[in-house]
Structures are given as structure tokens and as C-alpha cells.
Amino acid sequence: MILGIKDLTLRFGGLTAVNHVSFTIEQGSIKSLIGPNGAGKTSLFNCITGFYRAQEGEALFRGDSVMRLKPHRITEMGMARTFQNLRLFKNLTVMENVMSGMHCRTSAGLAGAVLRPPAQRAEEKRIRDVAEECMDFVGILDAKNRIAKNLSYGDQRRVELARALATKPQLLLLDEPGAGLNYDEKVQLIELIRRIRDEKGITVFLIEHDMGLVMEVSEKIFVLDYGTKIAEGTAREVQNNPKVIEAYLGKEEEAAV
Amino acid sequence: MSDKQINLQIAATQVTAIQKKIQSVIDKLFDLLENKKIRYSIYAVSMAALFYLPQKTSMYVTEIMTNVWFHVVVCLGLNIIVGFAGLLSLGYAAFFAVGAYTSGIMILRYGISFWLTLPVSVLMAVIAGLAIGVPTLRLRSDYLAIVTLGFGEMVRLAARNMAITGRATGLVGIDRPAFFGITMNKIAHFYYAFLIMAVLATIISSRLQNSRLGRAWRYIREDEDAAEAMGINTVAVRLYAFIIGSVFGAIAGSFMAIKMTAISPDSFTFTQSVMILLAVVLGGMGKIPGVILGAFITVVFPEISRGIGQYRMLIFGVVLMVLMIYRPQGLWPEREL
């Protein structure tokens, strides 16, 4: 078990966005979180990665609690994330974007910057090497000196993945990685997610709207509706679960009215 | 289409053609500067010229150039906060007030050597940087600007009302220090002191810009949440920007105190802060050569246009407005990527 969530509850005033959710993610698995719009998927992600403070419950990452930690500390522990609506550093080059991931794995400070001792120069080279390796892995090495915002949407998604990989995570949280991609790009994304797990040994946990993509890529799925977990299992099990069908399509009686 | 419209269109295409040509010339110049030999020879020649300058020119020119170097230091300091880290600050004069008053008080009231006051000045700058940085950790852009503006005014008003800072009269008769037996009492001495500081500030700025810390500043400037998600301690990175920017200002302020031998609260007004910010924006936020150019223009323009008399600031203002409308990224050009 790499991530264990127990009874996690997040409230915004009177609204309960995440309601006593519990689940675990096994080391080396690819797991998906699905649910209708506003089900609380991204809120759950934000709780796990430290952007929101959950009022109740516990989140254990490799045995350590991440409940009261700031996002940068959680990333440092080995949990990286991407954002639903692409949060690249738009006006910086692709290289600089990906280099940001190595920040928490390096240490040069003020003195290093000003005096440039050999250790700092070696570290800078290491940052560039790792960044290039990550860009190569997702296939955007050719674009390394371009400004991020000038890239196609699909390539920007890859930059975000490369940037997350550069933090050297054990667990990668992807918030709708397929949003806005065309069919070919989605096929490539599925392959890329598999390679991230198989070649790099990184556990993947993703939120996705595209059912085709979810069914294709994930081994286990769990479904959230109105902040509550309503189902969990393999793609087939979830697909045939009446509660899930209800959540997505509505009840038959309701449809009739 | 009428003839007039056609003529306008032709004119417009000509303008874009000219712009393209200018950009290609700029790109070529940048390529030329990539060559280390050429770059370092340019540095060496200009440094030699600048060191030779006081020997050849009048005291008036030396005085103005000294002022230029002082502004280069403070503008580069503010550039770290505003340009590198993207934290809009309207109270920068407070930071060099801290430096100037620290040195002034220690020299005047306690007879301590100027050189020993410098480390204290740096320490006070760190405290001042934290004092403005910590309470504003959650603020951005306009809100931050308002708080920094308030901070600047608070420092000035405190100096105006405290006995130790000499109230409204300020500190008068600050002794000038000796440097290896030479008392710094000629304008040329200060010219060299400020030139050396400007060179150091430039080197430190450029090294910071191309470092892990410099990149972290760019990340928080672009998107603070994304930076945090990438494992960057945004709180620490922000405070570093305020502290380092503040230290630049305080050291310049300390030297200003001994150059002027008298300082008063009126030397650190809101207008001062605005003029420094203006130089940074005019030259190009975050671009070191641009900031130096901006500092040069804001000091030299009012001087060379003295002949116009009262209207010079009006003209300066209009020129600035036109510039900001047509070139919001500042004067210094950039290579196209």
C-alpha cells in the first residue's frame, strides 16, 4: 500500500465536498477515480496533495501522515501531481518548466548562486540532465527551448507530465490528463501512462472523465458521487454497478418524469 | 476601399516590415553577444571607459553618473522583488532609508566607523525584508502593492517622529569615512564606490537569475500554486526575494548617508519609491540590462532636458505614457523564441 485514505471528510461551510471516503492504492498499480461533475474528485485530490485541509480523516503516504503538510513537503516526499486545467509556467521555456521538478531534489541556495562553487555547477548539470531525460521520456525533447505557451495543447500536457516526473515521484496523481486531447493523443497518453508505471515503476492514480480511457488504462476504479464513494472494482464491475449507472444517467423513474 | 484606406494599409504593412527588420537585427546582435570573446571585450572596454570617466569630465557629469550608479544598485534590488519574483512593491524607499539611518545613527551618535556599520545595515535590511515579507505572504499584485506602500510611509513617518532619527530635520553632519587612509571627500571617490557597487549588484543579480533560486522566483511569478505543487517552498522563496532586494537597497542607502552627510525623512518619500519602480518597468522588468538602462534614463533625462525648464517632467511623463502603451514589456529588446 503506497497511499491509504481513511474517512477523509472535507467541508466548505455547509457543503460536504468529500464525505468519509476511504480507499487504498497498491504500490505499482494504476487506479482511477471517476464520478459525475462536481462529485468532489478534484477536491479529494487537493486534500491528498495538501492544497486543501480536510477536517476529518487520515491520509497516509508510505506510512506517513500527509494531513497537516504543505504541498511542497508532500511533493518532496514523493507524491507529484498535474492539474486539471494545465498549470504550466506559460512564459518560460519547456526546459525551465521541467527543471522546476528537480527543485525539491536539489539544494543550492543563495551562496551557491552567487559564488558558483563546483558543487553548485555539478548540481545545475544534474538538473539539466534529469530534465532532458524526462522530456525525452514523454517525447518533447525537440521543443525544449520553446516558450511553453507556444506549444500545442497536447504537447503542453506532455510538458506537465515531464515536469511532474522530474520531481522523481513514487506516486503520480493525474487530474484529467486526457481533457482536451484528440483521439490520437489519447491513445499516446494511455501508452505513456503505462510506460510511466512499467518503466519507471511509478504508481499512478488518475481522475478521468473519458470512460474509454479509464477502462483501457486502469486496473482498479472507484467511483465518487456527491462526495461519497459509491463503488469500487474492476472496469467491468463498475460498469455494471447499478449505483454507478444511476449516478451517471439518473434513475429510470426520474428519467420518465 | 477608398484610396485613404489603401494607403493606411500599405503604411501598416510597411510598419510591420520595419518591425521585423529591427527584430532580425536584434537577434543578430544577440547572436554576436553569445560569443564569449566579443562579450567580454565589450565588458572590458566599457569598464575601462567608466573608470576613466571622472578624469576626463566635469564634476557635474561625475556627480550625475554617481547618481546613476546609485540608482542602478537600488533598481537592481527592486528588480529582484518586482522583476524576478513578480511581487509588486511600492515602498522600496523604506529599504534604503533603513540602510541610511542605520549607518547615519551609528556614525553620528556612537562614533562607529562606517565600514563597521555596513554589516549592521545588512542585518537591519534582513529584518526589514522579513517585516514586510511575513505579513504579506498571502497577498499578491494590487493588494501587496498597497501594503508595501503603507510600509514605505510607515518607515518615513517613524523616522520623522523618533528622536534617534532626528525627527523632521534628520541626521546632519555624518562623518565621511577613510578608505586605506584616504578620506572619502571627493565626488570621484563616491563615483568609484557606487560604480563598484553597481558592478557587483549586476554580477550578483545575473548569477541569481541563472540559479536554482532565480528559477524558483520565476516559477512563483508565473504560478504560485503550480510552483508549490512542484515542491518549491514558496514561502521561503518569497522571503528570499524581499530580503535580498532589501539588502541591495540598504547598502546603497548606507553609502548615500555618507555621500550626502545629511539625511532626512524627505529623502525617502513615496515619489522616490515610484521613480525606482518606474526605472525598472521602463527598462524592462526582470531584464538586468533593461533595468540598468531604465536607471540611466530616469536620472539622466531630467538633467539633459534642464533647458526646457518647467515642462521637462511633463514631457517625461508623456514619453513614459506613450512608451508603456506601445511597449509594455519595457525598452530592452528580447530575442524571439
# chains A, B, ... in the order shown; residues from 1 in each chain; ligands from 1
>>> residues_around(residues="His72 (chain A)", least_positions_apart="6", cutoff="12 Å", atoms="only C-alpha atoms", output="PyMOL selection string")
(chain A and resi 49-51+66+78-81+100-101+103-105+167) or (chain B and resi 224-237)
>>> residues_around(residues="Gly253 (chain B)", least_positions_apart="4", cutoff="10 Å", atoms="only C-alpha atoms", output="MDAnalysis selection string")
chainID B and resid 70 73:74 93:104 121 247:249 257:259 263 268
>>> residues_around(residues="region 31-38 of chain A", least_positions_apart="2", cutoff="7 Å", atoms="only C-alpha atoms", output="PDB file with C-alpha atoms, in the first residue's frame")
ATOM      1  CA  SER A  29      -0.900  -0.127  -9.656  1.00  0.00           C
ATOM      2  CA  GLY A  40     -15.641  16.015  -5.373  1.00  0.00           C
ATOM      3  CA  VAL A 204      -0.447   6.151 -10.985  1.00  0.00           C
ATOM      4  CA  PHE A 205      -3.716   7.487  -9.628  1.00  0.00           C
ATOM      5  CA  LEU A 206      -5.867   9.423 -12.056  1.00  0.00           C
ATOM      6  CA  ILE A 207      -9.107  11.288 -12.316  1.00  0.00           C
ATOM      7  CA  GLU A 208     -10.719  10.920 -15.704  1.00  0.00           C
ATOM      8  CA  HIS A 209     -13.894  11.765 -17.499  1.00  0.00           C
ATOM      9  CA  VAL A 214     -10.337   4.885 -17.891  1.00  0.00           C
ATOM     10  CA  SER A 218      -6.799   1.341 -15.126  1.00  0.00           C
ATOM     11  CA  GLU A 219      -6.723  -1.873 -13.171  1.00  0.00           C
ATOM     12  CA  LYS A 220      -8.995  -0.669 -10.423  1.00  0.00           C
ATOM     13  CA  ILE A 221     -11.608   2.055 -10.492  1.00  0.00           C
ATOM     14  CA  PHE A 222     -13.519   3.736  -7.772  1.00  0.00           C
ATOM     15  CA  VAL A 223     -16.495   5.977  -8.173  1.00  0.00           C
ATOM     16  CA  LEU A 224     -17.348   9.122  -6.268  1.00  0.00           C
ATOM     17  CA  ASP A 225     -20.756  10.776  -6.233  1.00  0.00           C
ATOM     18  CA  TYR A 248     -24.172   8.937 -14.366  1.00  0.00           C
TER      19      TYR A 248
END
>>> interface_residues(of="chain A", to="chain B", cutoff="8 Å", atoms="only C-alpha atoms", output="PDB file with N, CA and C atoms, in the first residue's frame")
ATOM      1  N   THR A  49      -2.993  16.192  -1.732  1.00  0.00           N
ATOM      2  CA  THR A  49      -1.740  16.870  -2.074  1.00  0.00           C
ATOM      3  C   THR A  49      -1.486  18.116  -1.234  1.00  0.00           C
ATOM      4  N   PRO A  71       1.843  21.576   0.499  1.00  0.00           N
ATOM      5  CA  PRO A  71       2.003  20.842  -0.768  1.00  0.00           C
ATOM      6  C   PRO A  71       3.457  20.550  -1.145  1.00  0.00           C
ATOM      7  N   HIS A  72       4.345  21.527  -0.934  1.00  0.00           N
ATOM      8  CA  HIS A  72       5.723  21.295  -1.377  1.00  0.00           C
ATOM      9  C   HIS A  72       6.411  20.194  -0.594  1.00  0.00           C
ATOM     10  N   ARG A  73       5.994  20.052   0.688  1.00  0.00           N
ATOM     11  CA  ARG A  73       6.567  18.970   1.502  1.00  0.00           C
ATOM     12  C   ARG A  73       6.076  17.617   0.989  1.00  0.00           C
ATOM     13  N   ILE A  74       4.815  17.563   0.595  1.00  0.00           N
ATOM     14  CA  ILE A  74       4.234  16.309   0.105  1.00  0.00           C
ATOM     15  C   ILE A  74       4.904  15.901  -1.210  1.00  0.00           C
ATOM     16  N   THR A  75       5.145  16.884  -2.072  1.00  0.00           N
ATOM     17  CA  THR A  75       5.859  16.600  -3.318  1.00  0.00           C
ATOM     18  C   THR A  75       7.253  16.061  -3.010  1.00  0.00           C
ATOM     19  N   GLU A  76       7.876  16.679  -2.022  1.00  0.00           N
ATOM     20  CA  GLU A  76       9.215  16.245  -1.631  1.00  0.00           C
ATOM     21  C   GLU A  76       9.209  14.788  -1.146  1.00  0.00           C
ATOM     22  N   ALA A  80       3.678  13.411  -6.735  1.00  0.00           N
ATOM     23  CA  ALA A  80       3.596  14.522  -7.678  1.00  0.00           C
ATOM     24  C   ALA A  80       2.210  14.584  -8.280  1.00  0.00           C
ATOM     25  N   ARG A  81       1.837  15.750  -8.771  1.00  0.00           N
ATOM     26  CA  ARG A  81       0.507  15.885  -9.356  1.00  0.00           C
ATOM     27  C   ARG A  81       0.526  16.755 -10.603  1.00  0.00           C
ATOM     28  N   ARG A  87      -1.475  23.877 -15.525  1.00  0.00           N
ATOM     29  CA  ARG A  87      -0.847  24.997 -14.831  1.00  0.00           C
ATOM     30  C   ARG A  87       0.640  25.043 -15.164  1.00  0.00           C
ATOM     31  N   LEU A  88       0.944  25.244 -16.433  1.00  0.00           N
ATOM     32  CA  LEU A  88       2.355  25.378 -16.812  1.00  0.00           C
ATOM     33  C   LEU A  88       2.835  26.787 -16.473  1.00  0.00           C
ATOM     34  N   PHE A  89       4.147  26.947 -16.412  1.00  0.00           N
ATOM     35  CA  PHE A  89       4.721  28.293 -16.319  1.00  0.00           C
ATOM     36  C   PHE A  89       4.790  28.802 -17.754  1.00  0.00           C
ATOM     37  N   LYS A  90       3.728  29.459 -18.181  1.00  0.00           N
ATOM     38  CA  LYS A  90       3.473  29.711 -19.595  1.00  0.00           C
ATOM     39  C   LYS A  90       4.564  30.485 -20.328  1.00  0.00           C
ATOM     40  N   ASN A  91       5.143  31.458 -19.646  1.00  0.00           N
ATOM     41  CA  ASN A  91       6.098  32.324 -20.340  1.00  0.00           C
ATOM     42  C   ASN A  91       7.543  31.856 -20.226  1.00  0.00           C
ATOM     43  N   GLU A  96      12.919  25.107 -18.760  1.00  0.00           N
ATOM     44  CA  GLU A  96      12.765  25.705 -17.422  1.00  0.00           C
ATOM     45  C   GLU A  96      11.582  25.096 -16.684  1.00  0.00           C
ATOM     46  N   SER A 100      11.825  22.741 -13.046  1.00  0.00           N
ATOM     47  CA  SER A 100      11.186  23.076 -11.769  1.00  0.00           C
ATOM     48  C   SER A 100      10.975  21.825 -10.916  1.00  0.00           C
ATOM     49  N   GLY A 101      10.755  20.698 -11.578  1.00  0.00           N
ATOM     50  CA  GLY A 101      10.524  19.466 -10.830  1.00  0.00           C
ATOM     51  C   GLY A 101      11.703  19.064  -9.965  1.00  0.00           C
ATOM     52  N   HIS A 103      13.617  20.944  -8.368  1.00  0.00           N
ATOM     53  CA  HIS A 103      13.896  21.891  -7.285  1.00  0.00           C
ATOM     54  C   HIS A 103      13.965  21.201  -5.927  1.00  0.00           C
ATOM     55  N   CYS A 104      12.988  20.327  -5.670  1.00  0.00           N
ATOM     56  CA  CYS A 104      12.930  19.711  -4.341  1.00  0.00           C
ATOM     57  C   CYS A 104      13.948  18.583  -4.185  1.00  0.00           C
ATOM     58  N   ALA A 108      21.000  23.937  -3.781  1.00  0.00           N
ATOM     59  CA  ALA A 108      21.798  25.165  -3.857  1.00  0.00           C
ATOM     60  C   ALA A 108      20.977  26.369  -3.393  1.00  0.00           C
ATOM     61  N   GLY A 109      21.578  27.195  -2.565  1.00  0.00           N
ATOM     62  CA  GLY A 109      20.887  28.379  -2.061  1.00  0.00           C
ATOM     63  C   GLY A 109      21.551  29.641  -2.546  1.00  0.00           C
ATOM     64  N   LEU A 110      21.427  30.672  -1.727  1.00  0.00           N
ATOM     65  CA  LEU A 110      21.936  31.991  -2.081  1.00  0.00           C
ATOM     66  C   LEU A 110      23.451  31.976  -2.342  1.00  0.00           C
ATOM     67  N   ALA A 113      24.381  30.262  -5.502  1.00  0.00           N
ATOM     68  CA  ALA A 113      24.027  31.038  -6.687  1.00  0.00           C
ATOM     69  C   ALA A 113      25.074  32.110  -6.968  1.00  0.00           C
ATOM     70  N   VAL A 114      25.526  32.798  -5.911  1.00  0.00           N
ATOM     71  CA  VAL A 114      26.411  33.944  -6.099  1.00  0.00           C
ATOM     72  C   VAL A 114      27.860  33.498  -6.318  1.00  0.00           C
ATOM     73  N   GLU A 124      23.651  21.931 -11.090  1.00  0.00           N
ATOM     74  CA  GLU A 124      22.941  22.501 -12.237  1.00  0.00           C
ATOM     75  C   GLU A 124      22.950  21.530 -13.420  1.00  0.00           C
ATOM     76  N   ASN A 145      13.657  24.325 -26.022  1.00  0.00           N
ATOM     77  CA  ASN A 145      13.959  25.758 -25.920  1.00  0.00           C
ATOM     78  C   ASN A 145      12.802  26.654 -26.333  1.00  0.00           C
ATOM     79  N   ARG A 146      11.628  26.062 -26.552  1.00  0.00           N
ATOM     80  CA  ARG A 146      10.486  26.888 -26.925  1.00  0.00           C
ATOM     81  C   ARG A 146       9.738  27.357 -25.685  1.00  0.00           C
ATOM     82  N   ILE A 147       9.011  28.489 -25.860  1.00  0.00           N
ATOM     83  CA  ILE A 147       8.195  29.003 -24.767  1.00  0.00           C
ATOM     84  C   ILE A 147       6.970  28.098 -24.634  1.00  0.00           C
ATOM     85  N   ARG A 163       7.273  17.509 -16.226  1.00  0.00           N
ATOM     86  CA  ARG A 163       7.572  18.320 -15.055  1.00  0.00           C
ATOM     87  C   ARG A 163       7.273  17.543 -13.773  1.00  0.00           C
ATOM     88  N   ALA A 164       6.151  16.823 -13.777  1.00  0.00           N
ATOM     89  CA  ALA A 164       5.815  16.027 -12.599  1.00  0.00           C
ATOM     90  C   ALA A 164       6.804  14.872 -12.427  1.00  0.00           C
ATOM     91  N   THR A 167      10.127  15.472 -10.582  1.00  0.00           N
ATOM     92  CA  THR A 167      10.191  15.513  -9.117  1.00  0.00           C
ATOM     93  C   THR A 167      10.565  14.137  -8.563  1.00  0.00           C
TER      94      THR A 167
END
>>> closest_residue(among="B:Gly129, B:Gly91, B:Gly86, B:Gly166", to="Gly245 (chain B)", atoms="only C-alpha atoms")
B:Gly129
>>> select_by_dssp(residues="region 135-254 of chain A", states="alpha helix (DSSP H)", output="JSON, numbers by chain")
{"A": [135, 136, 137, 138, 153, 154, 155, 156, 157, 158, 159, 160, 161, 162, 163, 164, 165, 183, 184, 185, 186, 187, 188, 189, 190, 191, 192, 193, 194, 195, 196, 197, 198, 199, 200, 211, 212, 213, 214, 215, 216, 217, 235, 236, 237, 238, 239, 242, 243, 244, 245, 246, 247, 248, 249, 252, 253, 254]}
>>> atom_distance(atom1="CA of Ala128 (chain B)", atom2="CA of Ile243 (chain B)")
7.6 Å
